[in-house]
Amino acid sequence: MTSFSVSNSLPTHPALHRHLKPHSRQAILQCWQNGRAYCWPLINSVRMNGAPKVQTKGALIKTLASVADVSLEQETATPSLPKGDMWSVHKFGGTCMGSSERIQNVANIILRDPSERKLVIVSAMSKVTDMLYNLVCKAKSRDDLYLSALDEVFDKHMRTAKQLLEGEDLAHFLAKLHADVSNLRTMLRAIYIAGHATESFSDFVVGHGELWSAQMLSYAIKKSGQPCSWMDTRDVLIVNPTGSDQVDPDYPKSEKKLKEWFSSHNPANTIIATGFIASTADDVPTTLKRDGSDFSAAILGALVCGRQVTIWTDVDGVYSADPRKVSEAVILPTLSYQEAWEMSYFGANVLHPRTIIPVMRLNIPIVIRNIFNLDAPGTVICEQPIDETMDDETADNNINKLVKAFATIDNLALVNVEGTGMAGVPGTASAIFSAVKDVGANVIMISQASSEHSVCFAVPEKEVGAVSAVLHSRFRQALEAGRLSQVEVINNCCILAAVGQRMASTPGVSATLFDALAKANINVRAIAQGCSEYNITVVLKQGDCIRALRAAHSRFYLSKTMLAVGVIGPGLIGRTLLDQLRDQAAVLKEEFNIDLRVMGITGSKNMILSETGIDLTRWRELMKENPEKADLDRFMQHLQENHFFPNKVLVDCTADTEVANRYYEWLKQGIHVVTPNKKANSGPLDRYLKLRTLQRMSYTHYFYEATVGAGLPIISTLRGLLETGDKILRIEGIFSGTLSYIFNNFEGTRAFSEVVAEAKEAGYTEPDPRDDLSGTDVARKVIILARESGLKLELSDIPVRSLVPEPLRVCSSADEFMKKLPSFDAELAKERNDASDSGEVLRYVGVVDVVNKKGLVELKRYKHDHPFAQLSGSDNIIAFTTTRYKDQPLIVRGPGAGAEVTAAGVFSDILRLASYLGAPS
């Protein structure tokens, strides 16, 4: 045999390279580097197996190539690309990799994962990507500070590495870091001189953040004794640029590249891969654009057909709404791929919008988990979970659970193109959106009326100027000819999207959403819903965004029904109400899902305000310790401007006319009003009619049950009769608890003044009893009921029998009045005795005579068997005579005076408001 010497380096004979396949050449290299002792036994083994005798150098080369191919399979078999459930795929974002401690934490999580194989995709350290973009910009603008910016990047990674690594691992990483930074400095110098950098060059520079973080993490894992490899995904992921700021993965080429990478690297079972970066088909470095690390994880997870892809972040999972806007937002345990897709499009902080596509094709779940709270299970994004499917009957009973989550997009403008010339003209919409495309604007939502009279669409507000200009230019002739009437721009808009896969084909979801917005007094400017019915999109004023989000979220039972309450007048009724709210708050929240927050309390001199709710166990102390000067305008503004509470209610517990005069203003601004104050409804008729018209035309509520009969259901009973078609003939009743007490006890030989003094001492009268005895309060209740019954009467139209003797009406004080009252007992004693002689009693009543369209307040006699004669204490009694209840009047009876029952009546109105907000009252 002709022999030749064999060195310990790879032979360079050209014939060898012609005959060897790439993987064979790798085997020959290994053979030669192990010396003649390893090489010749391979050749001899071929001889012993019947191979022909090697006679020439060329023959030896061919034989060696053949031996290499055999040895590749028998001795150093090329690793194939393993696929399947043995892979768990993890992605860690920049926050997770933000420091040496956090990188070590990531390493610990990976080490604890028992999966057979682990593929870990990492982002650059937090803020590093921005720092790298910034230094490229500085170099392009010839700002000498690019050098110090690069030094800052270098220092950040050097400090982190020194805290994390040690020994040879630290030396290897720092050497690589030094080399990379040195190269970057040279490249950036070239940019500085040229004043220009291509996109691919910028992508190459920016991608170093991922390279360094991946290497540091791989060394941190090796330090624990577990084998680990790291992957530069520019060698594996192949993408094709498809437009501005977007690329499409080339899956066949990427899979081929991944197989080659496995063959050439023989990686460990744990692989750390760079996120965000990739290469074009021409091997030009590029990126997957902003937030592309999630996309990288999904692509690689699909290429290895992994069991699941876990996205590690700094939140516990996907929320039902932005928790910064809705504090009661909940973590969603599951989302379907379609739901997550919709939410990401509408700006929810879920995933990169395109991340879902690669894993969705292979039904690989994505899990969103919090690296800082490992106990939180996170959110699983997968096919529609089996336990969330339901039949039609279940769906009907669970409409509140059909919407999975809500998302918003802020700072939009609505462009409305309309005109009769658009109807039935093919290509109009195409021309509109072609023009929009020409200026590079992003159309977020489109809505077109079926009449084809108008097309409206939403674009980012920063782009609407260019859109408006191009449309006016493109359609100038149509606008001049009148075929188009206008191209209108509506600024300061936002989008609210309700997302839920189970919304599809379920009646009532849209109605519930729009009802929730209506009850919060929010106007919808445009609507869109795809035929998939996975989302309902509405365009609103930007100022209404948070309020709308909270109103919709609350309505679908993703959070508690919240009411922001402002209490005016912490007097006897007001403070009793506040105590009742305090005592019942926990029960309402837990059992009825109602969260009442008192945001402000104001008296005539002082007030206290809160952004989140006043502690009702201490409100009295707070009013004394640190009050503000009472200012009703400031008080109302505080309530109105708190966007975190979609529903606001002002509770007026005063008897003040000035406060009552502001109800119209508050209702018009979307603030509900609840009150026992009779002044608004018994004041001037035109003001009352204006108030009621506004109430009927809007979804803002005005409740005043406690204005008549304290806590008794007088107003609601009257409305129920009228709304069901009954006709009111007469309303007669004892409406004053004070006067009921007085005449229930004005018996036998007792003097009237004695009973009045007793009532005053017991707290039944006003501080000045003349306010009760004048009959004005009863007259106000009569006029309220008369107006509710449809009569257009003024308070001056009601004749009133005053029980205050004429000479005593000018007394300067209540004490003077009480001293002189006994002098006038004889007149009322005679009336009582006359009635008693006839088997009757005296009662002070109010009457609404609907048939004769009049009302009156009088002292009237009743037989002992009459219901009005059988009262006790301070009870009220009201009899409704109607066409249905003509022979036997409908009677409502019960306590009609006292702070407890009046406050309870107000409280009942507040709860009624919470229970059916959205239905006109």
# chains A, B, ... in the order shown; residues from 1 in each chain; ligands from 1
$ select_by_dssp --residues "region 195-238 of chain A" --states "helix (DSSP H, G or I)" --output "list in words"
Glu199, Ser200, Phe201, Ser202, Asp203, Phe204, Val205, Val206, His208, Gly209, Glu210, Leu211, Trp212, Ser213, Ala214, Gln215, Met216, Leu217, Ser218, Tyr219, Ala220, Ile221, Lys222, Lys223, Thr233, Arg234 and Asp235 of chain A
$ write_last_selection --atoms "C-alpha atoms" --output "CSV table (one decimal), in the first residue's frame"
chain,number,residue,atom,x,y,z
A,199,GLU,CA,-32.5,49.1,8.9
A,200,SER,CA,-30.6,45.8,8.8
A,201,PHE,CA,-27.5,47.4,10.3
A,202,SER,CA,-29.6,48.9,13.1
A,203,ASP,CA,-31.2,45.4,13.7
A,204,PHE,CA,-27.8,43.9,13.8
A,205,VAL,CA,-26.7,46.3,16.5
A,206,VAL,CA,-29.9,46.1,18.6
A,208,HIS,CA,-26.7,42.2,20.8
A,209,GLY,CA,-28.8,42.6,23.9
A,210,GLU,CA,-30.4,39.2,23.4
A,211,LEU,CA,-27.0,37.6,22.6
A,212,TRP,CA,-25.5,38.8,25.8
A,213,SER,CA,-28.4,37.9,28.0
A,214,ALA,CA,-28.7,34.4,26.5
A,215,GLN,CA,-25.0,33.7,27.1
A,216,MET,CA,-25.1,35.0,30.7
A,217,LEU,CA,-28.1,32.7,31.4
A,218,SER,CA,-26.5,29.7,29.8
A,219,TYR,CA,-23.4,30.2,32.0
A,220,ALA,CA,-25.5,30.6,35.1
A,221,ILE,CA,-27.2,27.3,34.4
A,222,LYS,CA,-23.9,25.5,33.7
A,223,LYS,CA,-22.6,26.9,37.0
A,233,THR,CA,-31.5,32.4,16.6
A,234,ARG,CA,-30.1,34.3,13.6
A,235,ASP,CA,-28.7,31.0,12.6
$ residues_around --residues "Lys781 (chain A)" --least-positions-apart "5" --cutoff "9 Å" --atoms "only C-alpha atoms" --output "list in words"
Lys678, Asn681, Ser682, Thr707, Val708, Gly709, Phe735, Thr776, Ala786 and Gly846 of chain A
$ closest_atom_pairs --of "region 479-555 of chain A" --to "region 685-705 of chain A" --cutoff "10 Å" --atoms "only C-alpha atoms" --output "Markdown table"
| residue | atom | partner | partner_atom | distance |
| --- | --- | --- | --- | --- |
| A:Asp515 | CA | A:Tyr699 | CA | 9.2 |
| A:Leu517 | CA | A:Tyr699 | CA | 9.5 |
| A:Ala518 | CA | A:Tyr699 | CA | 6.1 |
| A:Lys519 | CA | A:Tyr699 | CA | 5.2 |
| A:Ala520 | CA | A:Tyr699 | CA | 7.5 |
| A:Asn521 | CA | A:Tyr699 | CA | 6.2 |
| A:Ile522 | CA | A:Tyr699 | CA | 9.4 |
$ select_by_dssp --residues "region 599-785 of chain A" --states "strand (DSSP E)" --output "list in words"
Met599, Gly600, Ile601, Thr602, Asn606, Met607, Ile608, Leu609, Glu628, Lys629, Lys648, Val649, Leu650, Val651, Asp652, His672, Val673, Val674, Tyr702, Phe703, Ile728, Leu729, Arg730, Ile731, Glu732, Gly733 and Ile734 of chain A
$ decode --residues "region 543-571 of chain A" --atoms "N, CA, C and O atoms" --output "PDB file, in the first residue's frame"
ATOM      1  N   GLY A 543     -62.808  61.058  26.771  1.00  0.00           N
ATOM      2  CA  GLY A 543     -63.084  61.384  28.168  1.00  0.00           C
ATOM      3  C   GLY A 543     -63.979  60.384  28.864  1.00  0.00           C
ATOM      4  O   GLY A 543     -64.015  60.320  30.095  1.00  0.00           O
ATOM      5  N   ASP A 544     -64.721  59.594  28.083  1.00  0.00           N
ATOM      6  CA  ASP A 544     -65.621  58.591  28.660  1.00  0.00           C
ATOM      7  C   ASP A 544     -64.988  57.217  28.769  1.00  0.00           C
ATOM      8  O   ASP A 544     -65.629  56.275  29.234  1.00  0.00           O
ATOM      9  N   CYS A 545     -63.729  57.077  28.334  1.00  0.00           N
ATOM     10  CA  CYS A 545     -63.133  55.750  28.170  1.00  0.00           C
ATOM     11  C   CYS A 545     -63.111  54.941  29.462  1.00  0.00           C
ATOM     12  O   CYS A 545     -63.612  53.818  29.511  1.00  0.00           O
ATOM     13  N   ILE A 546     -62.521  55.495  30.499  1.00  0.00           N
ATOM     14  CA  ILE A 546     -62.375  54.736  31.743  1.00  0.00           C
ATOM     15  C   ILE A 546     -63.734  54.465  32.368  1.00  0.00           C
ATOM     16  O   ILE A 546     -64.011  53.360  32.849  1.00  0.00           O
ATOM     17  N   ARG A 547     -64.600  55.469  32.326  1.00  0.00           N
ATOM     18  CA  ARG A 547     -65.932  55.291  32.906  1.00  0.00           C
ATOM     19  C   ARG A 547     -66.695  54.200  32.157  1.00  0.00           C
ATOM     20  O   ARG A 547     -67.378  53.375  32.754  1.00  0.00           O
ATOM     21  N   ALA A 548     -66.573  54.190  30.828  1.00  0.00           N
ATOM     22  CA  ALA A 548     -67.247  53.161  30.030  1.00  0.00           C
ATOM     23  C   ALA A 548     -66.682  51.784  30.325  1.00  0.00           C
ATOM     24  O   ALA A 548     -67.431  50.800  30.445  1.00  0.00           O
ATOM     25  N   LEU A 549     -65.363  51.709  30.431  1.00  0.00           N
ATOM     26  CA  LEU A 549     -64.727  50.427  30.725  1.00  0.00           C
ATOM     27  C   LEU A 549     -65.203  49.877  32.056  1.00  0.00           C
ATOM     28  O   LEU A 549     -65.553  48.694  32.181  1.00  0.00           O
ATOM     29  N   ARG A 550     -65.267  50.731  33.058  1.00  0.00           N
ATOM     30  CA  ARG A 550     -65.701  50.274  34.371  1.00  0.00           C
ATOM     31  C   ARG A 550     -67.185  49.919  34.382  1.00  0.00           C
ATOM     32  O   ARG A 550     -67.600  48.958  35.022  1.00  0.00           O
ATOM     33  N   ALA A 551     -67.996  50.691  33.650  1.00  0.00           N
ATOM     34  CA  ALA A 551     -69.427  50.408  33.609  1.00  0.00           C
ATOM     35  C   ALA A 551     -69.686  49.062  32.945  1.00  0.00           C
ATOM     36  O   ALA A 551     -70.470  48.245  33.443  1.00  0.00           O
ATOM     37  N   ALA A 552     -69.022  48.803  31.812  1.00  0.00           N
ATOM     38  CA  ALA A 552     -69.217  47.540  31.113  1.00  0.00           C
ATOM     39  C   ALA A 552     -68.681  46.374  31.938  1.00  0.00           C
ATOM     40  O   ALA A 552     -69.326  45.329  32.065  1.00  0.00           O
ATOM     41  N   HIS A 553     -67.504  46.568  32.512  1.00  0.00           N
ATOM     42  CA  HIS A 553     -66.895  45.522  33.326  1.00  0.00           C
ATOM     43  C   HIS A 553     -67.788  45.172  34.508  1.00  0.00           C
ATOM     44  O   HIS A 553     -68.005  43.993  34.833  1.00  0.00           O
ATOM     45  N   SER A 554     -68.320  46.181  35.138  1.00  0.00           N
ATOM     46  CA  SER A 554     -69.185  45.961  36.285  1.00  0.00           C
ATOM     47  C   SER A 554     -70.463  45.249  35.877  1.00  0.00           C
ATOM     48  O   SER A 554     -70.921  44.333  36.556  1.00  0.00           O
ATOM     49  N   ARG A 555     -71.031  45.644  34.752  1.00  0.00           N
ATOM     50  CA  ARG A 555     -72.316  45.075  34.332  1.00  0.00           C
ATOM     51  C   ARG A 555     -72.219  43.588  34.055  1.00  0.00           C
ATOM     52  O   ARG A 555     -73.169  42.830  34.272  1.00  0.00           O
ATOM     53  N   PHE A 556     -71.091  43.126  33.571  1.00  0.00           N
ATOM     54  CA  PHE A 556     -70.948  41.712  33.241  1.00  0.00           C
ATOM     55  C   PHE A 556     -70.385  40.911  34.409  1.00  0.00           C
ATOM     56  O   PHE A 556     -69.830  39.835  34.227  1.00  0.00           O
ATOM     57  N   TYR A 557     -70.514  41.465  35.612  1.00  0.00           N
ATOM     58  CA  TYR A 557     -70.174  40.755  36.844  1.00  0.00           C
ATOM     59  C   TYR A 557     -68.718  40.329  36.914  1.00  0.00           C
ATOM     60  O   TYR A 557     -68.381  39.354  37.569  1.00  0.00           O
ATOM     61  N   LEU A 558     -67.853  41.064  36.194  1.00  0.00           N
ATOM     62  CA  LEU A 558     -66.428  40.818  36.386  1.00  0.00           C
ATOM     63  C   LEU A 558     -65.934  41.586  37.600  1.00  0.00           C
ATOM     64  O   LEU A 558     -64.853  41.353  38.088  1.00  0.00           O
ATOM     65  N   SER A 559     -66.716  42.538  38.075  1.00  0.00           N
ATOM     66  CA  SER A 559     -66.384  43.252  39.306  1.00  0.00           C
ATOM     67  C   SER A 559     -67.683  43.612  39.993  1.00  0.00           C
ATOM     68  O   SER A 559     -68.764  43.423  39.462  1.00  0.00           O
ATOM     69  N   LYS A 560     -67.590  44.190  41.169  1.00  0.00           N
ATOM     70  CA  LYS A 560     -68.783  44.579  41.905  1.00  0.00           C
ATOM     71  C   LYS A 560     -69.436  45.802  41.258  1.00  0.00           C
ATOM     72  O   LYS A 560     -68.787  46.603  40.627  1.00  0.00           O
ATOM     73  N   THR A 561     -70.759  45.884  41.398  1.00  0.00           N
ATOM     74  CA  THR A 561     -71.470  47.071  40.971  1.00  0.00           C
ATOM     75  C   THR A 561     -71.112  48.195  41.934  1.00  0.00           C
ATOM     76  O   THR A 561     -71.418  48.122  43.111  1.00  0.00           O
ATOM     77  N   MET A 562     -70.460  49.208  41.405  1.00  0.00           N
ATOM     78  CA  MET A 562     -69.934  50.262  42.267  1.00  0.00           C
ATOM     79  C   MET A 562     -70.705  51.554  42.068  1.00  0.00           C
ATOM     80  O   MET A 562     -71.029  51.927  40.947  1.00  0.00           O
ATOM     81  N   LEU A 563     -70.998  52.217  43.160  1.00  0.00           N
ATOM     82  CA  LEU A 563     -71.648  53.519  43.150  1.00  0.00           C
ATOM     83  C   LEU A 563     -70.798  54.490  43.960  1.00  0.00           C
ATOM     84  O   LEU A 563     -70.495  54.235  45.119  1.00  0.00           O
ATOM     85  N   ALA A 564     -70.410  55.588  43.320  1.00  0.00           N
ATOM     86  CA  ALA A 564     -69.736  56.661  44.040  1.00  0.00           C
ATOM     87  C   ALA A 564     -70.810  57.581  44.587  1.00  0.00           C
ATOM     88  O   ALA A 564     -71.612  58.133  43.835  1.00  0.00           O
ATOM     89  N   VAL A 565     -70.850  57.753  45.908  1.00  0.00           N
ATOM     90  CA  VAL A 565     -71.931  58.471  46.582  1.00  0.00           C
ATOM     91  C   VAL A 565     -71.399  59.770  47.181  1.00  0.00           C
ATOM     92  O   VAL A 565     -70.349  59.779  47.826  1.00  0.00           O
ATOM     93  N   GLY A 566     -72.139  60.845  46.941  1.00  0.00           N
ATOM     94  CA  GLY A 566     -71.859  62.107  47.614  1.00  0.00           C
ATOM     95  C   GLY A 566     -73.052  62.460  48.483  1.00  0.00           C
ATOM     96  O   GLY A 566     -74.181  62.514  47.985  1.00  0.00           O
ATOM     97  N   VAL A 567     -72.825  62.675  49.770  1.00  0.00           N
ATOM     98  CA  VAL A 567     -73.912  62.961  50.709  1.00  0.00           C
ATOM     99  C   VAL A 567     -73.882  64.439  51.068  1.00  0.00           C
ATOM    100  O   VAL A 567     -72.881  64.956  51.568  1.00  0.00           O
ATOM    101  N   ILE A 568     -75.002  65.112  50.801  1.00  0.00           N
ATOM    102  CA  ILE A 568     -75.142  66.532  51.136  1.00  0.00           C
ATOM    103  C   ILE A 568     -76.072  66.645  52.340  1.00  0.00           C
ATOM    104  O   ILE A 568     -77.214  66.199  52.289  1.00  0.00           O
ATOM    105  N   GLY A 569     -75.582  67.225  53.416  1.00  0.00           N
ATOM    106  CA  GLY A 569     -76.398  67.425  54.600  1.00  0.00           C
ATOM    107  C   GLY A 569     -76.277  66.319  55.627  1.00  0.00           C
ATOM    108  O   GLY A 569     -77.155  65.471  55.731  1.00  0.00           O
ATOM    109  N   PRO A 570     -75.192  66.296  56.403  1.00  0.00           N
ATOM    110  CA  PRO A 570     -75.043  65.268  57.446  1.00  0.00           C
ATOM    111  C   PRO A 570     -75.776  65.663  58.724  1.00  0.00           C
ATOM    112  O   PRO A 570     -75.221  65.618  59.824  1.00  0.00           O
ATOM    113  N   GLY A 571     -77.049  66.066  58.577  1.00  0.00           N
ATOM    114  CA  GLY A 571     -77.867  66.381  59.739  1.00  0.00           C
ATOM    115  C   GLY A 571     -78.470  65.110  60.304  1.00  0.00           C
ATOM    116  O   GLY A 571     -77.885  64.028  60.197  1.00  0.00           O
TER     117      GLY A 571
END
